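Here the structure comes first, spelled out in structure tokens, and everything after it is commentary.
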Amino acid sequence: MPKAIPAGVVHELPKDLRALLVSDADALAAWIDLTPLARNEWICWILSAKKQETRDRKITRIHEELLAGKRRPCCWPGCKHRK
């Protein structure tokens, strides 16, 4: 397992997403295989949650979607922080 898990181009890796990736080697491998821009989209999508329960659902969903081979969050307009 890598010492540092790669993040996005703008956003740092949130602790809850990091915990998920550390706990599942397959999800981590899928995460590492993503481009930095794709990782950034997932991170921004998670950070956009206003309520903790929404964020928790998004963490569960990213786990499922990474394992299913999804590269980016569905129906997400993209990170507004990226220039």
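Ordering of the structure tokens sets the chain letters (A, B, ...), residue numbers begin anew at 1 in every chain, and ligands are numbered from 1 in the order given.
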Could you produce a table of the residues of range 43-62 of chain A lying within 10 Å of range 15-39 of chain A, with the nearest pair of atoms per residue and their separation in Å rounded to one decimal, using only C-alpha atoms, ordered by chain and increasing residue number, as JSON lines?
{"residue": "A:Ile43", "atom": "CA", "partner": "A:Arg39", "partner_atom": "CA", "distance": 6.2}
{"residue": "A:Cys44", "atom": "CA", "partner": "A:Arg39", "partner_atom": "CA", "distance": 8.6}
{"residue": "A:Trp45", "atom": "CA", "partner": "A:Arg39", "partner_atom": "CA", "distance": 9.9}
{"residue": "A:Ile46", "atom": "CA", "partner": "A:Leu17", "partner_atom": "CA", "distance": 8.6}
{"residue": "A:Arg55", "atom": "CA", "partner": "A:Asp16", "partner_atom": "CA", "distance": 9.3}
{"residue": "A:Asp56", "atom": "CA", "partner": "A:Asp16", "partner_atom": "CA", "distance": 8.7}
{"residue": "A:Lys58", "atom": "CA", "partner": "A:Leu17", "partner_atom": "CA", "distance": 9.7}
{"residue": "A:Ile59", "atom": "CA", "partner": "A:Leu17", "partner_atom": "CA", "distance": 6.5}
{"residue": "A:Thr60", "atom": "CA", "partner": "A:Leu20", "partner_atom": "CA", "distance": 8.8}
{"residue": "A:Ile62", "atom": "CA", "partner": "A:Leu17", "partner_atom": "CA", "distance": 8.8}
If DSSP is run on the backbone, what residues of chain A are alpha helix (DSSP H)? A reply as a ChimeraX atom specification would be ideal.
/A:15-23,25-33,36-47,52-67
Write a file of the just-selected residues containing N, CA and C atoms, as a compact mmCIF listing (two decimals), in the first residue's frame.
# COMPACT_ATOMS: atom_id res chain seq x y z
N LYS A 15 -10.56 12.91 5.33
CA LYS A 15 -10.25 11.81 6.25
C LYS A 15 -11.21 10.63 6.09
N ASP A 16 -12.50 10.90 5.88
CA ASP A 16 -13.45 9.80 5.76
C ASP A 16 -13.23 9.00 4.47
N LEU A 17 -12.87 9.68 3.40
CA LEU A 17 -12.56 8.97 2.15
C LEU A 17 -11.25 8.20 2.30
N ARG A 18 -10.29 8.81 2.96
CA ARG A 18 -9.01 8.13 3.19
C ARG A 18 -9.23 6.84 4.00
N ALA A 19 -10.07 6.93 5.03
CA ALA A 19 -10.36 5.75 5.85
C ALA A 19 -10.99 4.64 5.01
N LEU A 20 -11.89 5.01 4.12
CA LEU A 20 -12.51 4.02 3.23
C LEU A 20 -11.45 3.35 2.36
N LEU A 21 -10.60 4.15 1.75
CA LEU A 21 -9.59 3.61 0.84
C LEU A 21 -8.58 2.73 1.56
N VAL A 22 -8.21 3.10 2.76
CA VAL A 22 -7.26 2.31 3.54
C VAL A 22 -7.89 0.96 3.93
N SER A 23 -9.21 0.95 4.10
CA SER A 23 -9.90 -0.26 4.56
C SER A 23 -10.19 -1.27 3.45
N ALA A 25 -8.55 -2.70 -0.17
CA ALA A 25 -7.46 -2.69 -1.15
C ALA A 25 -7.96 -2.56 -2.58
N ASP A 26 -9.12 -3.15 -2.90
CA ASP A 26 -9.66 -3.05 -4.26
C ASP A 26 -10.11 -1.62 -4.57
N ALA A 27 -10.76 -0.99 -3.61
CA ALA A 27 -11.17 0.40 -3.79
C ALA A 27 -9.95 1.30 -3.92
N LEU A 28 -8.93 1.04 -3.12
CA LEU A 28 -7.69 1.82 -3.19
C LEU A 28 -7.03 1.67 -4.55
N ALA A 29 -6.98 0.45 -5.06
CA ALA A 29 -6.37 0.23 -6.38
C ALA A 29 -7.16 0.97 -7.46
N ALA A 30 -8.48 0.95 -7.36
CA ALA A 30 -9.32 1.67 -8.33
C ALA A 30 -9.07 3.18 -8.22
N TRP A 31 -8.92 3.67 -6.99
CA TRP A 31 -8.67 5.10 -6.75
C TRP A 31 -7.33 5.52 -7.37
N ILE A 32 -6.32 4.73 -7.14
CA ILE A 32 -4.99 5.05 -7.65
C ILE A 32 -4.99 5.04 -9.18
N ASP A 33 -5.83 4.21 -9.78
CA ASP A 33 -5.91 4.11 -11.23
C ASP A 33 -6.61 5.31 -11.88
N PRO A 36 -5.74 12.33 -11.81
CA PRO A 36 -5.89 13.34 -10.76
C PRO A 36 -7.17 14.17 -10.92
N LEU A 37 -7.57 14.45 -12.15
CA LEU A 37 -8.81 15.21 -12.36
C LEU A 37 -10.03 14.41 -11.92
N ALA A 38 -10.05 13.12 -12.21
CA ALA A 38 -11.18 12.29 -11.79
C ALA A 38 -11.23 12.19 -10.26
N ARG A 39 -10.08 12.02 -9.62
CA ARG A 39 -10.06 11.98 -8.15
C ARG A 39 -10.57 13.30 -7.59
N ASN A 40 -10.19 14.39 -8.21
CA ASN A 40 -10.63 15.71 -7.78
C ASN A 40 -12.16 15.82 -7.84
N GLU A 41 -12.76 15.28 -8.91
CA GLU A 41 -14.21 15.33 -9.06
C GLU A 41 -14.90 14.56 -7.93
N TRP A 42 -14.40 13.37 -7.61
CA TRP A 42 -14.98 12.59 -6.52
C TRP A 42 -14.86 13.34 -5.20
N ILE A 43 -13.70 13.91 -4.94
CA ILE A 43 -13.49 14.62 -3.67
C ILE A 43 -14.42 15.82 -3.57
N CYS A 44 -14.51 16.61 -4.62
CA CYS A 44 -15.38 17.79 -4.61
C CYS A 44 -16.83 17.37 -4.43
N TRP A 45 -17.22 16.28 -5.07
CA TRP A 45 -18.58 15.77 -4.95
C TRP A 45 -18.89 15.42 -3.50
N ILE A 46 -17.94 14.80 -2.82
CA ILE A 46 -18.13 14.46 -1.40
C ILE A 46 -18.19 15.73 -0.55
N LEU A 47 -17.29 16.66 -0.82
CA LEU A 47 -17.25 17.90 -0.03
C LEU A 47 -18.48 18.77 -0.22
N GLN A 52 -24.24 15.67 7.22
CA GLN A 52 -23.38 14.52 7.46
C GLN A 52 -23.98 13.24 6.88
N GLU A 53 -25.30 13.08 6.99
CA GLU A 53 -25.90 11.86 6.44
C GLU A 53 -25.77 11.79 4.92
N THR A 54 -25.82 12.94 4.26
CA THR A 54 -25.60 12.96 2.81
C THR A 54 -24.16 12.59 2.50
N ARG A 55 -23.25 13.14 3.26
CA ARG A 55 -21.84 12.82 3.06
C ARG A 55 -21.57 11.33 3.29
N ASP A 56 -22.18 10.77 4.31
CA ASP A 56 -22.03 9.34 4.59
C ASP A 56 -22.55 8.50 3.41
N ARG A 57 -23.70 8.89 2.86
CA ARG A 57 -24.25 8.18 1.69
C ARG A 57 -23.31 8.29 0.50
N LYS A 58 -22.71 9.45 0.32
CA LYS A 58 -21.78 9.63 -0.80
C LYS A 58 -20.52 8.78 -0.62
N ILE A 59 -20.05 8.66 0.60
CA ILE A 59 -18.87 7.81 0.87
C ILE A 59 -19.22 6.36 0.53
N THR A 60 -20.41 5.91 0.93
CA THR A 60 -20.85 4.55 0.59
C THR A 60 -20.95 4.39 -0.92
N ARG A 61 -21.51 5.39 -1.57
CA ARG A 61 -21.69 5.31 -3.02
C ARG A 61 -20.35 5.29 -3.75
N ILE A 62 -19.41 6.13 -3.34
CA ILE A 62 -18.12 6.12 -4.02
C ILE A 62 -17.45 4.75 -3.88
N HIS A 63 -17.61 4.13 -2.73
CA HIS A 63 -17.05 2.79 -2.53
C HIS A 63 -17.65 1.81 -3.55
N GLU A 64 -18.96 1.80 -3.64
CA GLU A 64 -19.64 0.91 -4.58
C GLU A 64 -19.24 1.21 -6.02
N GLU A 65 -19.18 2.48 -6.37
CA GLU A 65 -18.91 2.85 -7.75
C GLU A 65 -17.46 2.63 -8.14
N LEU A 66 -16.53 2.83 -7.23
CA LEU A 66 -15.14 2.51 -7.53
C LEU A 66 -15.00 1.02 -7.82
N LEU A 67 -15.64 0.19 -6.99
CA LEU A 67 -15.57 -1.26 -7.19
C LEU A 67 -16.26 -1.69 -8.48
Which is closest to Val10 in chain A among A:Cys74, A:His81, A:Gly69, A:Lys51, if we use only C-alpha atoms?
A:His81
